[in-house]
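**Q** Starting off with a structure, shown below.
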Amino acid sequence: MGSVYKRGNIYWVKFYKAGRCFRESSHSQKITEAKRLLKIRDGQVATGHFLDLQPERTRFKDLESLLTDDYKINQRKSLRMIGFQLAHLRRFFGAERRVATITGGTILKYVKWRKDQETHYGRPGVAPIRWTVYGFRIKPHSGAFLRR
């Protein structure tokens with residue numbers, strides 16, 4: 001069980017998991033929104049689905065650096081190519097974007113954006129047909145997430 005409190009004009013929630021205190025902003029000036037968030041977090045803690053707040057705070061630049069580090073460590077030949085591909089993603093999503101906000105619909109917008117771009121040779125940009133994110137396949141045409 002947690003509590004709701006106010007810092008400035010914004011309501012925050014405080015809850016515990018295994019004796020560790022977590023505090024999270026509701027990003028709202030309404031106490032009902034904060035109570036709703038607290039109810040969600042309490043449910044996640046009770047069912048074991050709450051791991052930590054860290055995945056929700058992960059940004060695109062964090063995943064980008066993890067991917068490039070992996071390519072460097074494993075000495076993959078396609079390291080240079082992944083740099084070009086990540087540049088397009090970075091330009092569209094931005095380095096500071098939270099990964100949790102990237103949805104199937106957002107990826108569809110990215111695919112459309114890439115198709116509308118022109119390459120150096122005057123040919124249309126190439127958009128990926130399938131994406132794999134955290135063990136899920138995303139079909140851009142349907143926006144559906146499929147478990148691998």
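Within each chain, counting starts at residue 1; across the structure tokens, chains are named A, B, ... in the order shown, with ligands numbered 1 upward in that order.
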Could you name the residues that touch range 83-99 of chain A at 6 Å or less, counting only C-alpha atoms, but leaving out those on the same chain fewer than 5 positions away, as a ChimeraX atom specification?
**A** /A:58-61
**Q** Using only C-alpha atoms, which protein or nucleic acid residues come within 7 Å of range 30-43 of chain A? Drop anything in the same chain fewer than 6 positions from it, and give the result as a PDB file with C-alpha atoms, in the first residue's frame.
**A**
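Listing of out-v2.pdb after writing:
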```
ATOM      1  CA  MET A   1       0.000   0.000   0.000  1.00  0.00           C
ATOM      2  CA  GLY A   2       1.287   3.444  -0.859  1.00  0.00           C
ATOM      3  CA  VAL A   4      -0.262  10.203  -2.512  1.00  0.00           C
ATOM      4  CA  TYR A  11       0.825  15.034  -7.103  1.00  0.00           C
ATOM      5  CA  TRP A  12       3.304  12.240  -6.505  1.00  0.00           C
ATOM      6  CA  VAL A  13       2.827   8.619  -5.412  1.00  0.00           C
TER       7      VAL A  13
END
```
**Q** What does the distance between CA of Arg114 in chain A and CA of Leu66 in chain A come to in Å, to one decimal place?
**A**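 Those two atoms sit 23.6 Å apart.
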**Q** Calculate how many Å separate CA of Asn9 in chain A from CA of Ile102 in chain A, rounding to one decimal.
**A**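 Here the two named atoms are 28.2 Å from each other.
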**Q** Tell me, which residues of range 3-133 of chain A carry DSSP strand (DSSP E or B), written as a ChimeraX atom specification?
**A** /A:3-7,10-17,20-25,59,98,118,124,131-133
**Q** Apply DSSP to the backbone of this structure and, from range 26-102 of chain A, keep only the residues in helix (DSSP H, G or I); write these as a short mmCIF file (atom, residue, chain, number, x, y, z; two decimals) with N, CA and C atoms, in the first residue's frame.
**A**
```cif
data_model
loop_
_atom_site.label_atom_id
_atom_site.label_comp_id
_atom_site.auth_asym_id
_atom_site.auth_seq_id
_atom_site.Cartn_x
_atom_site.Cartn_y
_atom_site.Cartn_z
N ILE A 31 -5.70 14.99 -8.03
CA ILE A 31 -5.44 13.91 -7.09
C ILE A 31 -6.01 12.58 -7.59
N THR A 32 -7.08 12.64 -8.39
CA THR A 32 -7.68 11.41 -8.92
C THR A 32 -6.72 10.69 -9.86
N GLU A 33 -5.95 11.46 -10.65
CA GLU A 33 -4.96 10.85 -11.54
C GLU A 33 -3.85 10.17 -10.73
N ALA A 34 -3.44 10.82 -9.66
CA ALA A 34 -2.39 10.25 -8.80
C ALA A 34 -2.90 8.99 -8.12
N LYS A 35 -4.13 8.98 -7.66
CA LYS A 35 -4.70 7.78 -7.03
C LYS A 35 -4.82 6.65 -8.03
N ARG A 36 -5.15 6.99 -9.28
CA ARG A 36 -5.25 5.97 -10.32
C ARG A 36 -3.87 5.35 -10.57
N LEU A 37 -2.83 6.19 -10.65
CA LEU A 37 -1.46 5.69 -10.84
C LEU A 37 -1.03 4.82 -9.67
N LEU A 38 -1.35 5.25 -8.45
CA LEU A 38 -1.00 4.47 -7.27
C LEU A 38 -1.69 3.11 -7.28
N LYS A 39 -2.93 3.09 -7.70
CA LYS A 39 -3.68 1.83 -7.79
C LYS A 39 -3.03 0.89 -8.81
N ILE A 40 -2.59 1.44 -9.93
CA ILE A 40 -1.91 0.64 -10.96
C ILE A 40 -0.60 0.07 -10.40
N ARG A 41 0.20 0.93 -9.76
CA ARG A 41 1.49 0.47 -9.22
C ARG A 41 1.30 -0.54 -8.09
N ASP A 42 0.33 -0.33 -7.23
CA ASP A 42 0.06 -1.31 -6.17
C ASP A 42 -0.34 -2.66 -6.76
N GLY A 43 -1.14 -2.63 -7.81
CA GLY A 43 -1.53 -3.87 -8.49
C GLY A 43 -0.34 -4.57 -9.12
N GLN A 44 0.55 -3.79 -9.74
CA GLN A 44 1.74 -4.38 -10.35
C GLN A 44 2.66 -4.99 -9.30
N VAL A 45 2.79 -4.34 -8.16
CA VAL A 45 3.63 -4.88 -7.08
C VAL A 45 3.01 -6.17 -6.55
N ALA A 46 1.70 -6.16 -6.36
CA ALA A 46 1.01 -7.33 -5.80
C ALA A 46 1.08 -8.54 -6.72
N THR A 47 1.00 -8.32 -8.03
CA THR A 47 1.03 -9.44 -8.98
C THR A 47 2.44 -9.82 -9.41
N GLN A 54 13.05 1.87 -13.85
CA GLN A 54 14.12 2.10 -14.81
C GLN A 54 13.70 1.82 -16.26
N PRO A 55 12.99 0.74 -16.59
CA PRO A 55 12.61 0.54 -17.99
C PRO A 55 11.76 1.68 -18.55
N GLU A 56 10.94 2.29 -17.73
CA GLU A 56 10.12 3.39 -18.21
C GLU A 56 10.93 4.65 -18.44
N ARG A 57 12.10 4.72 -17.85
CA ARG A 57 12.96 5.90 -17.99
C ARG A 57 14.02 5.71 -19.07
N PHE A 60 16.10 6.54 -25.92
CA PHE A 60 16.60 6.00 -27.18
C PHE A 60 18.12 5.97 -27.20
N LYS A 61 18.75 7.02 -26.69
CA LYS A 61 20.22 7.08 -26.72
C LYS A 61 20.84 5.97 -25.87
N ASP A 62 20.15 5.53 -24.81
CA ASP A 62 20.65 4.43 -23.99
C ASP A 62 20.67 3.12 -24.78
N LEU A 63 19.59 2.86 -25.51
CA LEU A 63 19.54 1.64 -26.32
C LEU A 63 20.54 1.71 -27.48
N GLU A 64 20.69 2.90 -28.03
CA GLU A 64 21.64 3.08 -29.13
C GLU A 64 23.06 2.77 -28.67
N SER A 65 23.43 3.26 -27.50
CA SER A 65 24.79 2.99 -27.01
C SER A 65 24.97 1.52 -26.66
N LEU A 66 23.92 0.88 -26.11
CA LEU A 66 24.01 -0.56 -25.84
C LEU A 66 24.23 -1.36 -27.11
N LEU A 67 23.50 -1.00 -28.16
CA LEU A 67 23.61 -1.71 -29.43
C LEU A 67 24.99 -1.52 -30.06
N THR A 68 25.48 -0.29 -30.10
CA THR A 68 26.79 -0.06 -30.70
C THR A 68 27.91 -0.70 -29.88
N ASP A 69 27.78 -0.68 -28.56
CA ASP A 69 28.78 -1.35 -27.71
C ASP A 69 28.80 -2.85 -27.98
N ASP A 70 27.61 -3.44 -28.14
CA ASP A 70 27.53 -4.87 -28.45
C ASP A 70 28.21 -5.18 -29.78
N TYR A 71 27.97 -4.33 -30.78
CA TYR A 71 28.59 -4.54 -32.09
C TYR A 71 30.12 -4.42 -32.00
N LYS A 72 30.61 -3.48 -31.18
CA LYS A 72 32.06 -3.31 -31.02
C LYS A 72 32.69 -4.49 -30.29
N ILE A 73 32.03 -4.93 -29.21
CA ILE A 73 32.56 -6.04 -28.41
C ILE A 73 32.64 -7.32 -29.23
N LEU A 79 29.14 -2.96 -38.16
CA LEU A 79 29.13 -1.85 -37.22
C LEU A 79 28.97 -0.51 -37.95
N ARG A 80 29.67 -0.34 -39.06
CA ARG A 80 29.56 0.90 -39.82
C ARG A 80 28.15 1.09 -40.37
N MET A 81 27.56 0.01 -40.84
CA MET A 81 26.22 0.07 -41.42
C MET A 81 25.18 0.42 -40.35
N ILE A 82 25.32 -0.16 -39.15
CA ILE A 82 24.35 0.11 -38.09
C ILE A 82 24.41 1.58 -37.68
N GLY A 83 25.58 2.19 -37.83
CA GLY A 83 25.70 3.62 -37.55
C GLY A 83 24.84 4.46 -38.47
N PHE A 84 24.80 4.11 -39.76
CA PHE A 84 23.95 4.82 -40.72
C PHE A 84 22.47 4.61 -40.40
N GLN A 85 22.13 3.38 -40.05
CA GLN A 85 20.73 3.07 -39.76
C GLN A 85 20.26 3.78 -38.49
N LEU A 86 21.13 3.81 -37.47
CA LEU A 86 20.77 4.49 -36.23
C LEU A 86 20.65 6.01 -36.42
N ALA A 87 21.40 6.55 -37.36
CA ALA A 87 21.32 7.99 -37.62
C ALA A 87 19.91 8.37 -38.09
N HIS A 88 19.31 7.54 -38.93
CA HIS A 88 17.93 7.80 -39.38
C HIS A 88 16.96 7.72 -38.21
N LEU A 89 17.12 6.69 -37.39
CA LEU A 89 16.24 6.53 -36.24
C LEU A 89 16.40 7.70 -35.27
N ARG A 90 17.63 8.11 -35.02
CA ARG A 90 17.91 9.22 -34.11
C ARG A 90 17.30 10.51 -34.62
N ARG A 91 17.39 10.73 -35.93
CA ARG A 91 16.83 11.93 -36.52
C ARG A 91 15.31 11.97 -36.35
N PHE A 92 14.66 10.83 -36.46
CA PHE A 92 13.20 10.79 -36.34
C PHE A 92 12.74 10.80 -34.88
N PHE A 93 13.29 9.92 -34.06
CA PHE A 93 12.83 9.76 -32.68
C PHE A 93 13.47 10.76 -31.72
N VAL A 99 11.84 5.25 -24.60
CA VAL A 99 11.54 4.08 -25.41
C VAL A 99 10.10 3.60 -25.17
N ALA A 100 9.60 3.77 -23.96
CA ALA A 100 8.25 3.33 -23.63
C ALA A 100 7.20 4.06 -24.45
N THR A 101 7.53 5.23 -25.02
CA THR A 101 6.56 5.99 -25.81
C THR A 101 6.58 5.59 -27.28
#
```
**Q** For CA of Ser3 in chain A and CA of Gln29 in chain A, determine how far apart the two atoms are, in Å to one decimal place.
**A**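 Value for the CA of Ser3 in chain A-CA of Gln29 in chain A distance: 15.6 Å.
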